[in-house]
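What follows is a short report on a single structure.
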2 protein chains.
Amino acid sequence: MSLLTVGSVAFDAIETPFGKTDKIIGGAGTFIALSASNYIHDQRIVSVVGEDFPREMLDLLESKGVDLAGLQIKQGEKTFFWSGRYHNDMNSRDTLITELNVLEHFDPIIPEAYQGVEYLMLGNLSPQVQRQVIERLTVRPKLVAMDTMNFWMDIAMDDLKKTLSMVDVLFVNDEEARQLSGEYSLVKASKVIRSMGPHTLIIKKGEHGALLFQEDKVFFAPALPLEEVFDPTGAGDTFAGGFMGYVAATDDYSFENMKRAIIAGSALASFCVEKFGTERLQDLTREAIDQRIAQFVALTDFEMVQTV
Amino acid sequence: MSLLTVGSVAFDAIETPFGKTDKIIGGAGTFIALSASNYIHDQRIVSVVGEDFPREMLDLLESKGVDLAGLQIKQGEKTFFWSGRYHNDMNSRDTLITELNVLEHFDPIIPEAYQGVEYLMLGNLSPQVQRQVIERLTVRPKLVAMDTMNFWMDIAMDDLKKTLSMVDVLFVNDEEARQLSGEYSLVKASKVIRSMGPHTLIIKKGEHGALLFQEDKVFFAPALPLEEVFDPTGAGDTFAGGFMGYVAATDDYSFENMKRAIIAGSALASFCVEKFGTERLQDLTREAIDQRIAQFVALTDFEMVQTV
């Protein structure tokens, strides 16, 4: 099986209460692909960078099995750059700088060799670009998942709804689910959102875990209680990447297997926040991931007995 | 086994986005005892009401196995009264009226017949009153649990710390855990708080579930995703009551059994919020509770397999 990720490959500069970085590698596509590579070894990416993007990072992605034929390198242009500062609670942040650069006129060209890809993950991008990708795939993938943000709900809701009607799985956080649906209760919100297209909704709640909704079924995955969240940047993309990597590698998108995929994604996200940017994701071993997953199993494991 | 609850038996008047009530029955002691009665059938209560408190509610408590010898009825005085208004998100509220009345000079007298009680639940009250109860029990119960609030941290922190040093299990919400410990991370907060006395800490996170900390172990219990939270008043006390009722009835305060007790408490709390005040708690059947618990089991159940 193969997974195609569409998403930004970018530079970030991050300030947290624990420190700040110069320009480091970020972008939804980068986090998704790095995370998914722990499960799926045939990956493709459609994205764009400028000539300022370091060759070493591309080599790293290739070494993890990510085919870069769909990564456009624009000579004379600069890579997308985002800079932000986290508040003391690490749950909210201010955007300091957004330089779209190469993303401003991004045309998501699909290499011919990518046609027939079985799994598609659309990272946060304009809903129009996301839709173009779906339309340019001559065979619809088995499962199409997308992430989006409040930003697109604010400025491009109609476009977003068009794209939503074409996908199977949507990732949003709790506030975005409320904004998109107009419902405060997440149970009600999930019904409204699933009536817009996706049969499956995954609501990311950060330190409070994640909810998976499909038909009349619901699954609640915890987040691992951590001593310290060093940098939350990319945690949501890492979660989605782990999820789609797991689903694609097992070639099983049943509800039962999606639960496992969410645990895999949660485990990977719990690593992501331990260091700045993608640093912690670059050298994970299967053993470390499996140990982390065992912690998730222990965290929610209980057995009711009929003693009273 | 027997459970002694100390806590207010009171009147509440509640406004929510869904409606408002006149004076209805409330109070931490009431919610705890009603909730616990679903598991433990030998209960005692130490509390105080005025002569205005309705006999029918006392009859109801007695019919549920709650001995009322420790419930003082003050002639010529009025019952504690609290009135509050919930905001649209149902997660925050304003207190409109607090009339201490009989609670102002509450002397928690322990009937002789209550000595030797095995389990003690101290509902939210002044830390001084909570401590008096512990000191007046000639034999220390097997397990002493207490609930408290930010209010006491604001005005009586030293007193609170004295009482904390004498208990086994503490219930607080996430904001209170942060205030009490001075740590934002709940993992760090739990270490600080457990160094103050309680070997076990239960952090209530409302719609985000609950965390149980003991030694190096942690358990994460979900909250049931609900279509509608009609009235959250008493949900925390119902949770604590279900927990202590389960622990006392099984006479088992191992970590493994505390996990089950938290699920039992969470299930009972999920009923509590469906109607105003104690209404939904008054006529629960074991079958309804067991069905709700089965929903909790399904909600977090997953099995990792080694397929990738």
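Ligands are numbered from 1 in the order shown, residues from 1 within each chain, and chains are lettered A, B, ... in the order they appear in the structure tokens.
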Starting from chain A, keep only residues with some atom at most 8 Å from an atom of chain B, counting only C-alpha atoms, and report them as a ChimeraX atom specification.
/A:39,89,184-188,208,218-222,225-228,246,249-250,256,259-260,298-304,307-308
N, CA, C and O atoms of the current selection, written as a CSV table (one decimal), in the first residue's frame:
chain,number,residue,atom,x,y,z
A,39,TYR,N,5.3,3.7,10.0
A,39,TYR,CA,4.4,2.5,9.7
A,39,TYR,C,4.5,2.2,8.2
A,39,TYR,O,4.5,1.0,7.9
A,89,ASP,N,0.4,28.6,29.0
A,89,ASP,CA,-0.3,27.3,29.2
A,89,ASP,C,0.0,26.4,28.0
A,89,ASP,O,-0.5,25.2,28.1
A,184,TYR,N,-22.4,23.3,20.3
A,184,TYR,CA,-21.4,23.2,21.3
A,184,TYR,C,-21.1,21.8,21.7
A,184,TYR,O,-19.9,21.4,21.9
A,185,SER,N,-22.1,21.0,21.8
A,185,SER,CA,-21.9,19.6,22.2
A,185,SER,C,-21.2,18.9,21.0
A,185,SER,O,-21.6,18.9,19.9
A,186,LEU,N,-20.1,18.2,21.4
A,186,LEU,CA,-19.3,17.5,20.3
A,186,LEU,C,-20.1,16.4,19.7
A,186,LEU,O,-19.8,16.0,18.6
A,187,VAL,N,-21.0,15.8,20.5
A,187,VAL,CA,-21.8,14.7,19.9
A,187,VAL,C,-22.7,15.3,18.8
A,187,VAL,O,-22.8,14.7,17.7
A,188,LYS,N,-23.3,16.4,19.1
A,188,LYS,CA,-24.2,17.0,18.1
A,188,LYS,C,-23.3,17.5,16.9
A,188,LYS,O,-23.7,17.4,15.8
A,208,HIS,N,-6.3,16.6,26.2
A,208,HIS,CA,-7.5,15.8,26.7
A,208,HIS,C,-7.8,14.7,25.7
A,208,HIS,O,-8.8,14.0,25.9
A,218,VAL,N,-18.6,5.6,18.9
A,218,VAL,CA,-17.6,6.6,19.3
A,218,VAL,C,-16.5,6.0,20.1
A,218,VAL,O,-16.7,5.0,20.8
A,219,PHE,N,-15.3,6.5,19.9
A,219,PHE,CA,-14.1,6.0,20.7
A,219,PHE,C,-13.4,7.2,21.2
A,219,PHE,O,-13.2,8.2,20.6
A,220,PHE,N,-13.0,7.0,22.5
A,220,PHE,CA,-12.3,8.1,23.2
A,220,PHE,C,-10.8,7.6,23.4
A,220,PHE,O,-10.6,6.7,24.2
A,221,ALA,N,-9.9,8.3,22.8
A,221,ALA,CA,-8.5,8.0,23.1
A,221,ALA,C,-7.8,9.0,24.0
A,221,ALA,O,-8.0,10.2,23.8
A,222,PRO,N,-7.2,8.6,25.0
A,222,PRO,CA,-6.5,9.5,25.9
A,222,PRO,C,-5.3,10.1,25.3
A,222,PRO,O,-4.8,9.6,24.3
A,225,PRO,N,-0.6,11.7,29.8
A,225,PRO,CA,-0.2,12.8,30.7
A,225,PRO,C,1.3,13.0,30.7
A,225,PRO,O,2.0,12.0,31.0
A,226,LEU,N,1.8,14.2,30.4
A,226,LEU,CA,3.2,14.4,30.2
A,226,LEU,C,3.7,15.4,31.3
A,226,LEU,O,3.0,16.3,31.7
A,227,GLU,N,4.9,15.2,31.8
A,227,GLU,CA,5.5,16.1,32.7
A,227,GLU,C,5.7,17.5,32.1
A,227,GLU,O,5.5,18.5,32.7
A,228,GLU,N,6.0,17.5,30.8
A,228,GLU,CA,6.4,18.7,30.2
A,228,GLU,C,6.0,18.6,28.7
A,228,GLU,O,6.3,17.7,28.0
A,246,TYR,N,-0.6,4.1,9.9
A,246,TYR,CA,-1.1,2.9,10.4
A,246,TYR,C,-2.2,2.3,9.6
A,246,TYR,O,-2.1,1.1,9.2
A,249,ALA,N,-0.7,1.1,6.2
A,249,ALA,CA,0.2,-0.1,6.3
A,249,ALA,C,-0.6,-1.3,6.6
A,249,ALA,O,-0.2,-2.4,6.1
A,250,THR,N,-1.7,-1.2,7.4
A,250,THR,CA,-2.5,-2.4,7.6
A,250,THR,C,-3.6,-2.6,6.6
A,250,THR,O,-4.2,-3.6,6.5
A,256,GLU,N,-12.7,-0.6,14.1
A,256,GLU,CA,-11.8,-1.3,15.1
A,256,GLU,C,-10.3,-0.9,14.8
A,256,GLU,O,-9.6,-0.7,15.7
A,259,LYS,N,-9.4,2.7,15.6
A,259,LYS,CA,-9.1,2.9,17.0
A,259,LYS,C,-7.6,2.7,17.3
A,259,LYS,O,-6.9,3.5,17.9
A,260,ARG,N,-7.0,1.6,16.7
A,260,ARG,CA,-5.6,1.3,16.9
A,260,ARG,C,-4.8,2.4,16.2
A,260,ARG,O,-3.8,2.8,16.8
A,298,ALA,N,-1.9,0.7,29.1
A,298,ALA,CA,-2.0,0.7,30.6
A,298,ALA,C,-2.9,1.9,31.1
A,298,ALA,O,-3.6,1.7,32.1
A,299,LEU,N,-2.8,3.0,30.4
A,299,LEU,CA,-3.4,4.2,30.9
A,299,LEU,C,-5.0,4.1,31.0
A,299,LEU,O,-5.6,4.7,31.8
A,300,THR,N,-5.5,3.3,30.0
A,300,THR,CA,-7.0,3.2,30.0
A,300,THR,C,-7.5,1.9,30.3
A,300,THR,O,-8.7,1.6,30.2
A,301,ASP,N,-6.6,0.9,30.6
A,301,ASP,CA,-7.1,-0.4,30.8
A,301,ASP,C,-7.8,-0.6,32.2
A,301,ASP,O,-7.3,-0.3,33.2
A,302,PHE,N,-9.0,-1.2,32.1
A,302,PHE,CA,-9.7,-1.5,33.3
A,302,PHE,C,-10.6,-2.7,33.0
A,302,PHE,O,-11.0,-2.9,31.8
A,303,GLU,N,-11.0,-3.5,34.0
A,303,GLU,CA,-11.9,-4.6,33.8
A,303,GLU,C,-12.9,-4.5,34.8
A,303,GLU,O,-12.7,-4.6,36.0
A,304,MET,N,-14.2,-4.3,34.4
A,304,MET,CA,-15.3,-4.3,35.4
A,304,MET,C,-15.6,-5.7,35.8
A,304,MET,O,-15.5,-6.6,35.0
A,307,THR,N,-18.9,-7.7,41.3
A,307,THR,CA,-18.8,-8.0,42.7
A,307,THR,C,-19.8,-7.3,43.5
A,307,THR,O,-20.0,-7.7,44.7
A,308,VAL,N,-20.4,-6.3,43.0
A,308,VAL,CA,-21.4,-5.5,43.8
A,308,VAL,C,-22.7,-5.3,43.0
A,308,VAL,O,-22.6,-5.3,41.8
Wanna dump the region 184-230 of chain A-region 134-153 of chain A contacts at 10 Å for me, each residue with its shortest atom pair and the distance in Å to one decimal, counting only C-alpha atoms, ordered by chain and number, as a Markdown table?
| residue | atom | partner | partner_atom | distance |
| --- | --- | --- | --- | --- |
| A:Pro198 | CA | A:Ala145 | CA | 8.5 |
| A:Thr200 | CA | A:Ala145 | CA | 9.1 |
| A:Leu201 | CA | A:Ala145 | CA | 9.6 |
| A:Ile202 | CA | A:Asp147 | CA | 9.6 |
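Neighbours of Ser190 (chain B) closer than or equal to 8 Å, with only C-alpha atoms counted and sequence neighbours fewer than 5 positions away skipped, come out as Ala177, Ser181, Leu201 and Phe213 of chain B.
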How would the residues just chosen look if you wrote them out with N, CA and C atoms as a PDB file, in the first residue's frame?
ATOM      1  N   ALA B 177      -6.165  21.704  40.964  1.00  0.00           N
ATOM      2  CA  ALA B 177      -4.883  20.991  41.104  1.00  0.00           C
ATOM      3  C   ALA B 177      -3.725  21.930  40.771  1.00  0.00           C
ATOM      4  N   SER B 181      -1.005  23.260  43.623  1.00  0.00           N
ATOM      5  CA  SER B 181       0.390  22.827  43.469  1.00  0.00           C
ATOM      6  C   SER B 181       1.302  23.920  42.937  1.00  0.00           C
ATOM      7  N   LEU B 201      -4.557  10.787  44.142  1.00  0.00           N
ATOM      8  CA  LEU B 201      -5.159  12.038  43.686  1.00  0.00           C
ATOM      9  C   LEU B 201      -6.058  11.743  42.495  1.00  0.00           C
ATOM     10  N   PHE B 213      -4.119   9.306  39.974  1.00  0.00           N
ATOM     11  CA  PHE B 213      -2.669   9.193  40.192  1.00  0.00           C
ATOM     12  C   PHE B 213      -2.393   8.490  41.519  1.00  0.00           C
TER      13      PHE B 213
END
Worksheet entry | Selection near Gly26 (chain A), 6 Å with only C-alpha atoms, sequence-local residues under 6 positions removed, as a count of residues only | 3
- [ ] Name all residues at most 12 Å from Gln130 (chain B) (count only C-alpha atoms; drop same-chain ones fewer than 4 positions away) and give them as number ranges by chain.
- [x] B: 5-8, 46-47, 106-109, 120-126, 134-137, 144-148, 152, 159-167
Note to self: Would you pick out the contacts of region 80-82 of chain B at 8 Å or less, using only C-alpha atoms, so that residues sharing its chain but fewer than 5 positions from it are not included, and give the list as an MDAnalysis selection string?
What the structure shows: chainID B and resid 8:13 49:50 95:103
Would you export the selected residues with N, CA and C atoms as a PDB file, in the first residue's frame, please?
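Dumped to part17.pdb:
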ATOM      1  N   SER B   8     -22.679  19.085  52.857  1.00  0.00           N
ATOM      2  CA  SER B   8     -23.881  19.908  52.975  1.00  0.00           C
ATOM      3  C   SER B   8     -25.112  19.196  52.422  1.00  0.00           C
ATOM      4  N   VAL B   9     -26.222  19.430  53.107  1.00  0.00           N
ATOM      5  CA  VAL B   9     -27.543  19.035  52.604  1.00  0.00           C
ATOM      6  C   VAL B   9     -28.273  20.373  52.490  1.00  0.00           C
ATOM      7  N   ALA B  10     -28.691  20.726  51.300  1.00  0.00           N
ATOM      8  CA  ALA B  10     -28.935  22.147  51.043  1.00  0.00           C
ATOM      9  C   ALA B  10     -30.049  22.388  50.041  1.00  0.00           C
ATOM     10  N   PHE B  11     -30.328  23.664  49.857  1.00  0.00           N
ATOM     11  CA  PHE B  11     -31.200  24.102  48.761  1.00  0.00           C
ATOM     12  C   PHE B  11     -30.345  24.771  47.686  1.00  0.00           C
ATOM     13  N   ASP B  12     -30.679  24.504  46.431  1.00  0.00           N
ATOM     14  CA  ASP B  12     -30.046  25.180  45.295  1.00  0.00           C
ATOM     15  C   ASP B  12     -31.131  25.839  44.454  1.00  0.00           C
ATOM     16  N   ALA B  13     -30.761  26.925  43.791  1.00  0.00           N
ATOM     17  CA  ALA B  13     -31.603  27.460  42.712  1.00  0.00           C
ATOM     18  C   ALA B  13     -30.682  27.663  41.523  1.00  0.00           C
ATOM     19  N   VAL B  49     -29.279  20.661  58.650  1.00  0.00           N
ATOM     20  CA  VAL B  49     -30.277  21.407  57.868  1.00  0.00           C
ATOM     21  C   VAL B  49     -31.092  22.270  58.825  1.00  0.00           C
ATOM     22  N   GLY B  50     -31.907  23.175  58.278  1.00  0.00           N
ATOM     23  CA  GLY B  50     -32.819  23.979  59.087  1.00  0.00           C
ATOM     24  C   GLY B  50     -34.179  23.316  59.151  1.00  0.00           C
ATOM     25  N   THR B  95     -21.842  32.494  40.855  1.00  0.00           N
ATOM     26  CA  THR B  95     -22.656  32.332  42.052  1.00  0.00           C
ATOM     27  C   THR B  95     -23.485  33.597  42.229  1.00  0.00           C
ATOM     28  N   LEU B  96     -24.799  33.431  42.381  1.00  0.00           N
ATOM     29  CA  LEU B  96     -25.684  34.587  42.544  1.00  0.00           C
ATOM     30  C   LEU B  96     -25.951  34.847  44.024  1.00  0.00           C
ATOM     31  N   ILE B  97     -26.177  33.804  44.778  1.00  0.00           N
ATOM     32  CA  ILE B  97     -26.505  33.937  46.203  1.00  0.00           C
ATOM     33  C   ILE B  97     -25.830  32.804  46.969  1.00  0.00           C
ATOM     34  N   THR B  98     -25.239  33.127  48.111  1.00  0.00           N
ATOM     35  CA  THR B  98     -24.807  32.096  49.052  1.00  0.00           C
ATOM     36  C   THR B  98     -25.307  32.492  50.431  1.00  0.00           C
ATOM     37  N   GLU B  99     -26.224  31.731  50.996  1.00  0.00           N
ATOM     38  CA  GLU B  99     -26.683  31.971  52.367  1.00  0.00           C
ATOM     39  C   GLU B  99     -26.237  30.789  53.215  1.00  0.00           C
ATOM     40  N   LEU B 100     -25.220  31.009  54.054  1.00  0.00           N
ATOM     41  CA  LEU B 100     -24.669  29.899  54.836  1.00  0.00           C
ATOM     42  C   LEU B 100     -25.700  29.312  55.804  1.00  0.00           C
ATOM     43  N   ASN B 101     -26.443  30.208  56.473  1.00  0.00           N
ATOM     44  CA  ASN B 101     -27.470  29.770  57.437  1.00  0.00           C
ATOM     45  C   ASN B 101     -26.906  28.742  58.432  1.00  0.00           C
ATOM     46  N   VAL B 102     -27.491  27.546  58.490  1.00  0.00           N
ATOM     47  CA  VAL B 102     -27.050  26.547  59.486  1.00  0.00           C
ATOM     48  C   VAL B 102     -25.597  26.120  59.329  1.00  0.00           C
ATOM     49  N   LEU B 103     -25.021  26.331  58.145  1.00  0.00           N
ATOM     50  CA  LEU B 103     -23.627  25.888  57.936  1.00  0.00           C
ATOM     51  C   LEU B 103     -22.627  26.822  58.620  1.00  0.00           C
TER      52      LEU B 103
END
Restricting to only C-alpha atoms, whichever of B:Gly19, B:Pro111, B:Gly245, B:Gly206 is closest to His41 (chain B) is B:Gly245
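Interatomic distance, CA of Met57 (chain B) against CA of Ile25 (chain B): 8.0 Å.
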Alpha helix (DSSP H) call set, DSSP backbone run, region 65-229 of chain A, as an MDAnalysis selection string = chainID A and resid 127:136 150:155 157:164 174:181 186:194
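Here the strand (DSSP E) residues in region 144-273 of chain B, by DSSP on the backbone, are Val144, Ala145, Met146, Asp147, Val169, Leu170, Phe171, Val172, Asn173, Thr200, Leu201, Ile202, Ile203, Lys204, Ala210, Leu211, Leu212, Phe213, Gln214, Lys217, Val218, Phe219, Phe220 and Ala221 of chain B.
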Go ahead and write the selection's residues with C-alpha atoms as a compact mmCIF listing (two decimals), in the first residue's frame.
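So the final result, stored in result_10.txt, reads:
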# COMPACT_ATOMS: atom_id res chain seq x y z
CA VAL B 144 -10.37 8.79 54.10
CA ALA B 145 -11.27 10.75 50.95
CA MET B 146 -11.97 14.45 50.63
CA ASP B 147 -13.17 16.93 48.08
CA VAL B 169 -7.59 10.38 48.56
CA LEU B 170 -8.15 13.91 47.27
CA PHE B 171 -10.67 14.96 44.61
CA VAL B 172 -10.06 18.30 42.84
CA ASN B 173 -10.63 19.62 39.34
CA THR B 200 -4.03 9.07 45.75
CA LEU B 201 -5.16 12.04 43.69
CA ILE B 202 -8.20 12.13 41.44
CA ILE B 203 -8.37 15.08 39.06
CA LYS B 204 -11.85 15.75 37.67
CA ALA B 210 -10.75 12.14 35.06
CA LEU B 211 -7.20 11.20 35.99
CA LEU B 212 -6.22 8.88 38.85
CA PHE B 213 -2.67 9.19 40.19
CA GLN B 214 -1.04 6.88 42.75
CA LYS B 217 0.72 4.79 38.23
CA VAL B 218 -1.81 6.80 36.29
CA PHE B 219 -5.26 5.95 34.92
CA PHE B 220 -7.28 8.06 32.51
CA ALA B 221 -11.07 7.63 32.60
Expressed in Å, the length from CA of Glu118 (chain B) to CA of Asp158 (chain B) is 27.6 Å
- Residues at most 6 Å from region 270-286 of chain B, counting only C-alpha atoms, excluding those fewer than 6 positions away in the same chain, as a VMD selection string? chain B and resid 229 to 232 235
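In terms of minimum interatomic distance to Met244 (chain B), B:Tyr119 ranks closest within B:Tyr119, B:Leu60, B:Glu51, B:Ile155, counting only C-alpha atoms.
Of the residues under consideration (B:Arg44, B:Met196, B:Ile32, B:Phe239), B:Arg44 shows the shortest atom-to-atom contact distance to Gly116 (chain B) when counting only C-alpha atoms.
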